[in-house]
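S.K.: Structure supplied as run.pdb; contents: PDB, C-alpha atoms, pLDDT in the B column.
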```pdb
ATOM      1  CA  MET A   1       0.000   0.000   0.000  1.00 30.00           C
ATOM      2  CA  PRO A   2       1.254   3.524  -0.672  1.00 31.00           C
ATOM      3  CA  GLN A   3       2.140   5.704   2.292  1.00 40.00           C
ATOM      4  CA  ASN A   4      -0.140   8.636   3.040  1.00 40.00           C
ATOM      5  CA  PRO A   5       1.585  12.005   2.725  1.00 37.00           C
ATOM      6  CA  PRO A   6       2.057  13.915   5.963  1.00 40.00           C
ATOM      7  CA  SER A   7      -0.672  16.389   6.729  1.00 42.00           C
ATOM      8  CA  ASP A   8       0.398  20.039   6.765  1.00 48.00           C
ATOM      9  CA  ASP A   9      -1.895  20.749   9.711  1.00 75.00           C
ATOM     10  CA  LEU A  10      -0.576  17.870  11.821  1.00 87.00           C
ATOM     11  CA  PRO A  11       2.976  18.644  12.863  1.00 92.00           C
ATOM     12  CA  THR A  12       5.416  15.900  13.692  1.00 96.00           C
ATOM     13  CA  LEU A  13       6.504  16.351  17.300  1.00 97.00           C
ATOM     14  CA  GLU A  14       9.880  14.912  18.318  1.00 97.00           C
ATOM     15  CA  GLY A  15      10.736  13.745  21.816  1.00 96.00           C
ATOM     16  CA  PRO A  16      13.816  12.046  23.254  1.00 96.00           C
ATOM     17  CA  ARG A  17      12.516   8.494  22.578  1.00 97.00           C
ATOM     18  CA  ILE A  18       9.350   8.893  20.546  1.00 98.00           C
ATOM     19  CA  ARG A  19       7.860  10.945  17.768  1.00 98.00           C
ATOM     20  CA  LEU A  20       4.253  11.910  17.274  1.00 97.00           C
ATOM     21  CA  ARG A  21       3.339  11.781  13.600  1.00 95.00           C
ATOM     22  CA  GLY A  22       0.395  11.167  11.341  1.00 90.00           C
ATOM     23  CA  PHE A  23      -0.860   7.644  10.793  1.00 88.00           C
ATOM     24  CA  ARG A  24       0.421   5.771   7.757  1.00 87.00           C
ATOM     25  CA  ASP A  25      -1.027   2.829   5.873  1.00 81.00           C
ATOM     26  CA  GLY A  26       1.832   0.661   7.155  1.00 89.00           C
ATOM     27  CA  ASP A  27       0.694   1.274  10.769  1.00 92.00           C
ATOM     28  CA  LEU A  28      -2.481  -0.811  10.463  1.00 91.00           C
ATOM     29  CA  GLN A  29      -1.193  -4.043  12.035  1.00 93.00           C
ATOM     30  CA  ASP A  30       0.471  -2.243  14.945  1.00 95.00           C
ATOM     31  CA  PHE A  31      -2.641  -0.120  15.467  1.00 92.00           C
ATOM     32  CA  TYR A  32      -4.728  -3.297  15.551  1.00 93.00           C
ATOM     33  CA  ALA A  33      -2.288  -4.857  18.029  1.00 94.00           C
ATOM     34  CA  VAL A  34      -2.782  -1.930  20.422  1.00 95.00           C
ATOM     35  CA  HIS A  35      -6.588  -2.019  20.413  1.00 93.00           C
ATOM     36  CA  SER A  36      -7.039  -5.786  20.186  1.00 94.00           C
ATOM     37  CA  ASP A  37      -5.306  -6.204  23.543  1.00 94.00           C
ATOM     38  CA  PRO A  38      -8.013  -6.593  26.227  1.00 91.00           C
ATOM     39  CA  LEU A  39      -5.600  -5.127  28.779  1.00 90.00           C
ATOM     40  CA  VAL A  40      -5.193  -1.905  26.773  1.00 92.00           C
ATOM     41  CA  ASN A  41      -8.908  -1.614  25.999  1.00 89.00           C
ATOM     42  CA  ARG A  42     -10.141  -2.597  29.448  1.00 89.00           C
ATOM     43  CA  TYR A  43     -11.191   0.980  30.254  1.00 89.00           C
ATOM     44  CA  TRP A  44     -11.668   2.230  26.698  1.00 86.00           C
ATOM     45  CA  SER A  45     -14.948   3.430  25.175  1.00 84.00           C
ATOM     46  CA  PHE A  46     -15.194   0.316  22.984  1.00 87.00           C
ATOM     47  CA  PRO A  47     -14.269  -3.337  23.578  1.00 89.00           C
ATOM     48  CA  ALA A  48     -11.028  -4.860  22.311  1.00 91.00           C
ATOM     49  CA  TRP A  49     -11.110  -5.563  18.603  1.00 92.00           C
ATOM     50  CA  THR A  50     -11.312  -9.161  17.464  1.00 92.00           C
ATOM     51  CA  GLU A  51     -10.877  -8.629  13.712  1.00 92.00           C
ATOM     52  CA  VAL A  52      -8.479  -6.513  11.664  1.00 90.00           C
ATOM     53  CA  SER A  53     -11.465  -5.089   9.753  1.00 89.00           C
ATOM     54  CA  GLN A  54     -12.494  -3.221  12.929  1.00 87.00           C
ATOM     55  CA  ALA A  55      -9.082  -1.583  13.049  1.00 86.00           C
ATOM     56  CA  ARG A  56      -9.162  -0.858   9.312  1.00 85.00           C
ATOM     57  CA  ASP A  57     -12.415   1.131   9.631  1.00 85.00           C
ATOM     58  CA  TYR A  58     -11.203   3.080  12.659  1.00 81.00           C
ATOM     59  CA  PHE A  59      -7.780   3.547  11.079  1.00 73.00           C
ATOM     60  CA  ALA A  60      -9.265   4.876   7.821  1.00 76.00           C
ATOM     61  CA  SER A  61     -11.358   7.287   9.850  1.00 72.00           C
ATOM     62  CA  ALA A  62      -8.262   8.512  11.724  1.00 65.00           C
ATOM     63  CA  ILE A  63      -6.381   9.092   8.457  1.00 65.00           C
ATOM     64  CA  GLY A  64      -9.362  10.582   6.644  1.00 66.00           C
ATOM     65  CA  GLY A  65     -10.543  12.616   9.616  1.00 58.00           C
ATOM     66  CA  ARG A  66      -7.506  14.834   9.904  1.00 59.00           C
ATOM     67  CA  ASP A  67      -9.118  18.147  10.683  1.00 65.00           C
ATOM     68  CA  ALA A  68      -6.954  20.532  12.646  1.00 65.00           C
ATOM     69  CA  GLY A  69     -10.024  22.561  13.476  1.00 73.00           C
ATOM     70  CA  ARG A  70     -11.681  19.746  15.447  1.00 84.00           C
ATOM     71  CA  MET A  71      -9.306  16.814  15.957  1.00 88.00           C
ATOM     72  CA  LEU A  72      -5.597  16.028  15.791  1.00 91.00           C
ATOM     73  CA  CYS A  73      -4.672  12.306  15.808  1.00 89.00           C
ATOM     74  CA  TRP A  74      -1.056  11.303  16.221  1.00 93.00           C
ATOM     75  CA  ALA A  75       0.600   7.915  16.044  1.00 94.00           C
ATOM     76  CA  ILE A  76       3.051   7.441  18.913  1.00 98.00           C
ATOM     77  CA  ALA A  77       6.102   5.898  17.242  1.00 98.00           C
ATOM     78  CA  GLU A  78       9.483   4.884  18.561  1.00 97.00           C
ATOM     79  CA  ARG A  79      12.133   7.222  17.164  1.00 95.00           C
ATOM     80  CA  GLU A  80      14.334   4.258  16.409  1.00 94.00           C
ATOM     81  CA  GLY A  81      12.562   2.295  13.688  1.00 94.00           C
ATOM     82  CA  ASP A  82       9.481   4.597  13.609  1.00 96.00           C
ATOM     83  CA  ARG A  83       7.168   1.747  14.675  1.00 96.00           C
ATOM     84  CA  LEU A  84       3.730   2.641  16.077  1.00 97.00           C
ATOM     85  CA  ILE A  85       3.374   1.821  19.779  1.00 98.00           C
ATOM     86  CA  GLY A  86       0.216   3.817  20.496  1.00 97.00           C
ATOM     87  CA  SER A  87      -1.792   6.887  19.668  1.00 95.00           C
ATOM     88  CA  THR A  88      -2.813  10.181  21.184  1.00 95.00           C
ATOM     89  CA  THR A  89      -5.553  12.543  20.123  1.00 93.00           C
ATOM     90  CA  LEU A  90      -6.671  16.074  20.819  1.00 94.00           C
ATOM     91  CA  PHE A  91     -10.365  16.057  20.013  1.00 92.00           C
ATOM     92  CA  THR A  92     -13.485  18.167  20.412  1.00 92.00           C
ATOM     93  CA  ILE A  93     -11.189  21.117  19.812  1.00 94.00           C
ATOM     94  CA  ASN A  94     -13.128  24.315  20.300  1.00 94.00           C
ATOM     95  CA  ARG A  95     -10.885  27.239  19.347  1.00 92.00           C
ATOM     96  CA  GLU A  96     -13.523  29.827  20.245  1.00 93.00           C
ATOM     97  CA  GLN A  97     -13.683  28.484  23.817  1.00 95.00           C
ATOM     98  CA  GLY A  98      -9.986  27.557  23.919  1.00 96.00           C
ATOM     99  CA  ARG A  99     -10.571  23.977  25.017  1.00 97.00           C
ATOM    100  CA  ALA A 100     -10.110  20.387  23.861  1.00 97.00           C
ATOM    101  CA  GLU A 101     -10.113  16.829  25.188  1.00 97.00           C
ATOM    102  CA  ILE A 102      -7.172  14.453  25.174  1.00 97.00           C
ATOM    103  CA  GLY A 103      -7.037  10.690  24.769  1.00 95.00           C
ATOM    104  CA  TYR A 104      -4.237   8.165  24.459  1.00 96.00           C
ATOM    105  CA  ALA A 105      -3.528   4.448  24.210  1.00 95.00           C
ATOM    106  CA  LEU A 106      -0.200   2.648  24.438  1.00 96.00           C
ATOM    107  CA  ARG A 107       0.856  -0.958  23.914  1.00 96.00           C
ATOM    108  CA  ALA A 108       0.868  -2.755  27.259  1.00 95.00           C
ATOM    109  CA  SER A 109       4.482  -3.817  26.653  1.00 95.00           C
ATOM    110  CA  HIS A 110       5.435  -0.117  26.790  1.00 96.00           C
ATOM    111  CA  TRP A 111       3.545   0.769  29.986  1.00 94.00           C
ATOM    112  CA  GLY A 112       5.478   2.049  32.994  1.00 94.00           C
ATOM    113  CA  GLN A 113       8.422   3.303  30.925  1.00 95.00           C
ATOM    114  CA  GLY A 114       7.463   6.975  30.581  1.00 95.00           C
ATOM    115  CA  TYR A 115       6.363   6.834  26.927  1.00 97.00           C
ATOM    116  CA  ALA A 116       2.826   8.044  27.631  1.00 97.00           C
ATOM    117  CA  GLN A 117       4.134  10.886  29.773  1.00 96.00           C
ATOM    118  CA  GLU A 118       6.553  11.898  27.015  1.00 97.00           C
ATOM    119  CA  ALA A 119       3.730  11.853  24.451  1.00 97.00           C
ATOM    120  CA  LEU A 120       1.355  13.857  26.648  1.00 97.00           C
ATOM    121  CA  ARG A 121       4.054  16.418  27.413  1.00 97.00           C
ATOM    122  CA  MET A 122       4.491  17.057  23.660  1.00 97.00           C
ATOM    123  CA  VAL A 123       0.742  17.197  22.941  1.00 97.00           C
ATOM    124  CA  LEU A 124       0.083  19.527  25.862  1.00 97.00           C
ATOM    125  CA  GLY A 125       2.964  21.766  24.814  1.00 96.00           C
ATOM    126  CA  HIS A 126       1.455  21.948  21.319  1.00 96.00           C
ATOM    127  CA  ALA A 127      -2.081  22.520  22.644  1.00 96.00           C
ATOM    128  CA  PHE A 128      -1.183  25.293  25.062  1.00 97.00           C
ATOM    129  CA  GLY A 129       1.666  26.774  23.018  1.00 95.00           C
ATOM    130  CA  THR A 130       1.061  26.520  19.288  1.00 93.00           C
ATOM    131  CA  LEU A 131      -2.734  26.254  19.426  1.00 94.00           C
ATOM    132  CA  GLY A 132      -3.114  28.728  22.281  1.00 95.00           C
ATOM    133  CA  LEU A 133      -5.755  26.665  24.079  1.00 97.00           C
ATOM    134  CA  ARG A 134      -6.550  27.489  27.716  1.00 97.00           C
ATOM    135  CA  ARG A 135      -8.041  24.177  28.933  1.00 98.00           C
ATOM    136  CA  ILE A 136      -7.556  20.456  28.237  1.00 98.00           C
ATOM    137  CA  GLU A 137      -9.864  17.781  29.652  1.00 98.00           C
ATOM    138  CA  ALA A 138      -9.437  14.045  30.126  1.00 98.00           C
ATOM    139  CA  ASP A 139     -12.297  11.537  30.639  1.00 97.00           C
ATOM    140  CA  ILE A 140     -10.900   8.504  32.487  1.00 96.00           C
ATOM    141  CA  ASP A 141     -12.542   5.438  33.973  1.00 96.00           C
ATOM    142  CA  PRO A 142     -11.697   5.931  37.676  1.00 96.00           C
ATOM    143  CA  ARG A 143     -10.761   2.236  37.948  1.00 95.00           C
ATOM    144  CA  ASN A 144      -7.882   2.958  35.557  1.00 95.00           C
ATOM    145  CA  ALA A 145      -5.475   3.945  38.323  1.00 95.00           C
ATOM    146  CA  GLY A 146      -2.435   4.117  36.029  1.00 94.00           C
ATOM    147  CA  SER A 147      -4.072   6.610  33.692  1.00 96.00           C
ATOM    148  CA  CYS A 148      -5.359   8.690  36.610  1.00 97.00           C
ATOM    149  CA  ARG A 149      -1.833   8.827  38.090  1.00 96.00           C
ATOM    150  CA  LEU A 150      -0.406   9.806  34.703  1.00 96.00           C
ATOM    151  CA  VAL A 151      -2.636  12.838  34.193  1.00 97.00           C
ATOM    152  CA  GLU A 152      -2.206  13.871  37.823  1.00 96.00           C
ATOM    153  CA  ARG A 153       1.598  13.803  37.331  1.00 94.00           C
ATOM    154  CA  MET A 154       1.047  16.058  34.312  1.00 95.00           C
ATOM    155  CA  GLY A 155      -0.805  18.555  36.521  1.00 95.00           C
ATOM    156  CA  PHE A 156      -4.435  17.666  35.774  1.00 97.00           C
ATOM    157  CA  ILE A 157      -6.967  18.175  38.575  1.00 97.00           C
ATOM    158  CA  ARG A 158      -9.817  15.748  39.109  1.00 98.00           C
ATOM    159  CA  GLU A 159     -12.894  17.956  38.823  1.00 98.00           C
ATOM    160  CA  GLY A 160     -15.771  15.546  39.046  1.00 97.00           C
ATOM    161  CA  LEU A 161     -17.327  12.146  38.530  1.00 96.00           C
ATOM    162  CA  LEU A 162     -19.990  11.317  35.967  1.00 94.00           C
ATOM    163  CA  ARG A 163     -21.796   8.181  37.102  1.00 94.00           C
ATOM    164  CA  ASP A 164     -22.715   5.374  34.676  1.00 91.00           C
ATOM    165  CA  ARG A 165     -21.449   7.439  31.740  1.00 91.00           C
ATOM    166  CA  TRP A 166     -20.315   4.591  29.480  1.00 89.00           C
ATOM    167  CA  CYS A 167     -21.719   1.184  28.637  1.00 88.00           C
ATOM    168  CA  VAL A 168     -19.190  -1.024  26.871  1.00 86.00           C
ATOM    169  CA  ALA A 169     -19.890  -4.691  26.176  1.00 83.00           C
ATOM    170  CA  GLY A 170     -22.753  -4.618  28.671  1.00 87.00           C
ATOM    171  CA  GLU A 171     -20.666  -3.145  31.508  1.00 87.00           C
ATOM    172  CA  THR A 172     -21.404   0.363  32.749  1.00 92.00           C
ATOM    173  CA  SER A 173     -18.660   2.577  34.087  1.00 91.00           C
ATOM    174  CA  ASP A 174     -18.162   6.016  35.539  1.00 94.00           C
ATOM    175  CA  SER A 175     -16.000   8.827  34.157  1.00 95.00           C
ATOM    176  CA  ALA A 176     -13.572  10.803  36.250  1.00 97.00           C
ATOM    177  CA  ILE A 177     -13.261  14.203  34.596  1.00 98.00           C
ATOM    178  CA  TYR A 178      -9.866  15.874  34.796  1.00 98.00           C
ATOM    179  CA  GLY A 179      -8.925  19.378  33.706  1.00 98.00           C
ATOM    180  CA  LEU A 180      -5.670  21.210  33.123  1.00 98.00           C
ATOM    181  CA  LEU A 181      -5.454  24.960  32.542  1.00 98.00           C
ATOM    182  CA  ALA A 182      -2.781  26.700  30.486  1.00 97.00           C
ATOM    183  CA  ASP A 183      -1.445  28.684  33.465  1.00 96.00           C
ATOM    184  CA  GLU A 184      -1.187  25.489  35.549  1.00 95.00           C
ATOM    185  CA  TRP A 185       0.736  23.853  32.694  1.00 95.00           C
ATOM    186  CA  GLU A 186       3.068  26.835  32.421  1.00 90.00           C
ATOM    187  CA  ALA A 187       3.707  26.726  36.174  1.00 88.00           C
ATOM    188  CA  SER A 188       4.488  22.994  36.071  1.00 82.00           C
ATOM    189  CA  VAL A 189       6.721  23.272  32.985  1.00 77.00           C
ATOM    190  CA  GLY A 190       8.591  26.173  34.556  1.00 57.00           C
ATOM    191  CA  ALA A 191       9.121  24.114  37.725  1.00 55.00           C
ATOM    192  CA  THR A 192      10.804  21.235  35.828  1.00 56.00           C
TER     193      THR A 192
END
```
Represent the structure contained in this file as structure tokens.

M.R.:
Amino acid sequence: MPQNPPSDDLPTLEGPRIRLRGFRDGDLQDFYAVHSDPLVNRYWSFPAWTEVSQARDYFASAIGGRDAGRMLCWAIAEREGDRLIGSTTLFTINREQGRAEIGYALRASHWGQGYAQEALRMVLGHAFGTLGLRRIEADIDPRNAGSCRLVERMGFIREGLLRDRWCVAGETSDSAIYGLLADEWEASVGAT
């Protein structure tokens, strides 16, 4: 399959160990591997995929849905080898209100090694710096302790709980709503 050209409105962001870049056709199998893992998708808004066709549809939507005005979807790729190990998205971007939501998923084999924190640091820097947003929100299943700890380390404040917000594969779950303001981000970045 031919590679998709990079999108002008989706910058590649480089970190010490990873790069955030647009999705490419060659990422499909790795993208499927991330979201077909029941461990990764345990607290996600859809159950783990069981067929590559599910990933193909979602993947095509991510590539085709590049719209810097509403959503920015990055592949999280290792700098060495450029292989996809996860994804992160700024979505529901509302420039008029200066806010957006953030989501992320990472291969379980890469958990606990700081990759998600590195990715979020780059996305938040882009959101608050380049895009000039003032608020980023995260919707996390409160049972997902690792994800809650991650956003708290990044400076997010837990602002509330929405009960029975999601129903995935017959199981209902709550949403812990976290928020991070631009001035809080600036204070935390300046402190490190």

S.K.: Starting from the PyMOL selection byres ((chain A and resi 164-176) around 8), expand the selection into actual residues of this file and give them as JSON, numbers by chain.

M.R.: {"A": [45, 46, 47, 139, 140, 141, 142, 158, 159, 160, 161, 162, 163, 177, 178]}

S.K.: Keeping C-alpha atoms, export the residues of the selection given above as a compact mmCIF listing (two decimals), in the coordinates of the input.

M.R.:
```
# COMPACT_ATOMS: atom_id res chain seq x y z
CA SER A 45 -14.95 3.43 25.18
CA PHE A 46 -15.19 0.32 22.98
CA PRO A 47 -14.27 -3.34 23.58
CA ASP A 139 -12.30 11.54 30.64
CA ILE A 140 -10.90 8.50 32.49
CA ASP A 141 -12.54 5.44 33.97
CA PRO A 142 -11.70 5.93 37.68
CA ARG A 158 -9.82 15.75 39.11
CA GLU A 159 -12.89 17.96 38.82
CA GLY A 160 -15.77 15.55 39.05
CA LEU A 161 -17.33 12.15 38.53
CA LEU A 162 -19.99 11.32 35.97
CA ARG A 163 -21.80 8.18 37.10
CA ILE A 177 -13.26 14.20 34.60
CA TYR A 178 -9.87 15.87 34.80
```

S.K.: Would you translate the PyMOL selection byres ((chain A and resi 75) around 10) into the concrete set of residues it matches in this file, as a PyMOL selection string?

M.R.: chain A and resi 12+18-24+27+31+62+73-74+76-78+82-89+104-106+119

S.K.: Restricting the calculation to only C-alpha atoms, which member of A:Leu131, A:Leu90, A:Val52, A:Leu10 is positioned closest to Leu28 of chain A?

M.R.: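 Checking each of A:Leu131, A:Leu90, A:Val52, A:Leu10 against Leu28 of chain A, counting only C-alpha atoms, the winner is A:Val52.
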
S.K.: Which residues would end up in the selection if the PyMOL selection byres ((chain A and resi 128) around 10) were applied here, given that I need the answer as a PDB file with C-alpha atoms, in the coordinates of the input?

M.R.:
```
ATOM      1  CA  GLY A  98      -9.986  27.557  23.919  1.00 96.00           C
ATOM      2  CA  ARG A  99     -10.571  23.977  25.017  1.00 97.00           C
ATOM      3  CA  VAL A 123       0.742  17.197  22.941  1.00 97.00           C
ATOM      4  CA  LEU A 124       0.083  19.527  25.862  1.00 97.00           C
ATOM      5  CA  GLY A 125       2.964  21.766  24.814  1.00 96.00           C
ATOM      6  CA  HIS A 126       1.455  21.948  21.319  1.00 96.00           C
ATOM      7  CA  ALA A 127      -2.081  22.520  22.644  1.00 96.00           C
ATOM      8  CA  GLY A 129       1.666  26.774  23.018  1.00 95.00           C
ATOM      9  CA  THR A 130       1.061  26.520  19.288  1.00 93.00           C
ATOM     10  CA  LEU A 131      -2.734  26.254  19.426  1.00 94.00           C
ATOM     11  CA  GLY A 132      -3.114  28.728  22.281  1.00 95.00           C
ATOM     12  CA  LEU A 133      -5.755  26.665  24.079  1.00 97.00           C
ATOM     13  CA  ARG A 134      -6.550  27.489  27.716  1.00 97.00           C
ATOM     14  CA  ARG A 135      -8.041  24.177  28.933  1.00 98.00           C
ATOM     15  CA  ILE A 136      -7.556  20.456  28.237  1.00 98.00           C
ATOM     16  CA  LEU A 181      -5.454  24.960  32.542  1.00 98.00           C
ATOM     17  CA  ALA A 182      -2.781  26.700  30.486  1.00 97.00           C
ATOM     18  CA  ASP A 183      -1.445  28.684  33.465  1.00 96.00           C
ATOM     19  CA  TRP A 185       0.736  23.853  32.694  1.00 95.00           C
ATOM     20  CA  GLU A 186       3.068  26.835  32.421  1.00 90.00           C
TER      21      GLU A 186
END
```

S.K.: Between A:Gly179, A:Gly81, A:Gly155, A:Gly103, which one has atoms that come closest to Arg17 of chain A, using all atoms listed in the file?

M.R.: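 Among the listed residues, A:Gly81 lies closest to Arg17 of chain A.
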
S.K.: Neighbours of Phe91 of chain A within 9 Å (only C-alpha atoms; same-chain residues fewer than 5 positions away dropped), as a list in words?

M.R.: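 With the cut-off at 9 Å, the set is Arg70, Met71, Leu72, Cys73, Ala100, Glu101, Ile102 and Gly103 of chain A.
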
S.K.: Take the selection from the previous step and output its residues with C-alpha atoms, as a short mmCIF file (atom, residue, chain, number, x, y, z; two decimals), in the frame of the given file.

M.R.:
```
data_model
loop_
_atom_site.label_atom_id
_atom_site.label_comp_id
_atom_site.auth_asym_id
_atom_site.auth_seq_id
_atom_site.Cartn_x
_atom_site.Cartn_y
_atom_site.Cartn_z
CA ARG A 70 -11.68 19.75 15.45
CA MET A 71 -9.31 16.81 15.96
CA LEU A 72 -5.60 16.03 15.79
CA CYS A 73 -4.67 12.31 15.81
CA ALA A 100 -10.11 20.39 23.86
CA GLU A 101 -10.11 16.83 25.19
CA ILE A 102 -7.17 14.45 25.17
CA GLY A 103 -7.04 10.69 24.77
#
```

S.K.: Expressed in Å to a single decimal, how great is the separation between atom CA of Val34 of chain A and atom CA of Ile157 of chain A?

M.R.: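 A separation of 27.4 Å between them.
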
S.K.: In terms of the shortest atom-to-atom distance over only C-alpha atoms, which of A:Arg42, A:Gly114, A:Phe59, A:Gly69 is closest to Arg95 of chain A?

M.R.: A:Gly69

S.K.: Return as lines of an AutoDock Vina configuration file the centre and edge lengths, in Å with one decimal, of the box along x, y and z that encloses every atom of segment 129-141 of chain A in the file, padded by 3 Å per side.

M.R.:
```
center_x = -5.4
center_y = 17.1
center_z = 26.6
size_x = 20.2
size_y = 29.3
size_z = 20.7
```

S.K.: A:Arg143, A:Arg121, A:Arg149, A:Arg107: which is nearest Pro38 of chain A, counting all atoms listed in the file?

M.R.: A:Arg107

S.K.: Using only C-alpha atoms, which of A:Ala108, A:Tyr43, A:Glu14, A:Arg56 sits nearest Ala145 of chain A?

M.R.: A:Tyr43

S.K.: What is the distance between atom CA of Ser147 of chain A and atom CA of Ser188 of chain A, in Å to one decimal?

M.R.: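 Separation of atom CA of Ser147 of chain A and atom CA of Ser188 of chain A: 18.6 Å.
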
S.K.: Figure out the distance between atom CA of Thr50 of chain A and atom CA of Ala116 of chain A, please, to one decimal in Å.

M.R.: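 Separation of atom CA of Ala116 of chain A and atom CA of Thr50 of chain A: 24.5 Å.
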
S.K.: Measuring atom to atom with all atoms listed in the file, identify which of A:Met122, A:Met154, A:Val189, A:Leu13 is nearest to Glu137 of chain A.

M.R.: A:Met154

S.K.: Write out as a list in words the residues lying within 10 Å of Pro16 of chain A, counting all atoms listed in the file and excluding same-chain residues fewer than 4 positions away.

M.R.: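 The filter keeps Glu78, Arg79, Tyr115 and Glu118 of chain A.
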
S.K.: Return segment 9-21 of chain A, completed with N, CA, C and O atoms, as a short mmCIF file (atom, residue, chain, number, x, y, z; two decimals), in the coordinates of the input.

M.R.:
```cif
data_model
loop_
_atom_site.label_atom_id
_atom_site.label_comp_id
_atom_site.auth_asym_id
_atom_site.auth_seq_id
_atom_site.Cartn_x
_atom_site.Cartn_y
_atom_site.Cartn_z
N ASP A 9 -1.34 20.21 8.48
CA ASP A 9 -1.90 20.75 9.71
C ASP A 9 -1.64 19.84 10.91
O ASP A 9 -2.07 20.14 12.00
N LEU A 10 -0.94 18.76 10.72
CA LEU A 10 -0.58 17.87 11.82
C LEU A 10 0.95 17.82 11.91
O LEU A 10 1.59 17.08 11.18
N PRO A 11 1.51 18.62 12.79
CA PRO A 11 2.98 18.64 12.86
C PRO A 11 3.52 17.35 13.46
O PRO A 11 2.87 16.71 14.29
N THR A 12 4.69 16.99 13.04
CA THR A 12 5.42 15.90 13.69
C THR A 12 6.11 16.50 14.91
O THR A 12 6.76 17.54 14.80
N LEU A 13 5.91 15.87 16.05
CA LEU A 13 6.50 16.35 17.30
C LEU A 13 7.56 15.34 17.73
O LEU A 13 7.27 14.15 17.84
N GLU A 14 8.76 15.79 17.98
CA GLU A 14 9.88 14.91 18.32
C GLU A 14 10.21 14.99 19.80
O GLU A 14 10.37 16.09 20.34
N GLY A 15 10.31 13.84 20.43
CA GLY A 15 10.74 13.74 21.82
C GLY A 15 12.03 12.96 21.90
O GLY A 15 12.55 12.50 20.89
N PRO A 16 12.55 12.78 23.10
CA PRO A 16 13.82 12.05 23.25
C PRO A 16 13.74 10.60 22.73
O PRO A 16 14.69 10.13 22.11
N ARG A 17 12.60 9.90 22.97
CA ARG A 17 12.52 8.49 22.58
C ARG A 17 11.42 8.20 21.58
O ARG A 17 11.39 7.12 20.99
N ILE A 18 10.48 9.12 21.44
CA ILE A 18 9.35 8.89 20.55
C ILE A 18 9.11 10.09 19.65
O ILE A 18 9.63 11.18 19.91
N ARG A 19 8.34 9.85 18.61
CA ARG A 19 7.86 10.94 17.77
C ARG A 19 6.36 10.78 17.63
O ARG A 19 5.84 9.65 17.62
N LEU A 20 5.68 11.90 17.55
CA LEU A 20 4.25 11.91 17.27
C LEU A 20 4.12 12.35 15.83
O LEU A 20 4.61 13.41 15.45
N ARG A 21 3.47 11.52 15.03
CA ARG A 21 3.34 11.78 13.60
C ARG A 21 1.98 11.32 13.14
O ARG A 21 1.24 10.65 13.86
#
```
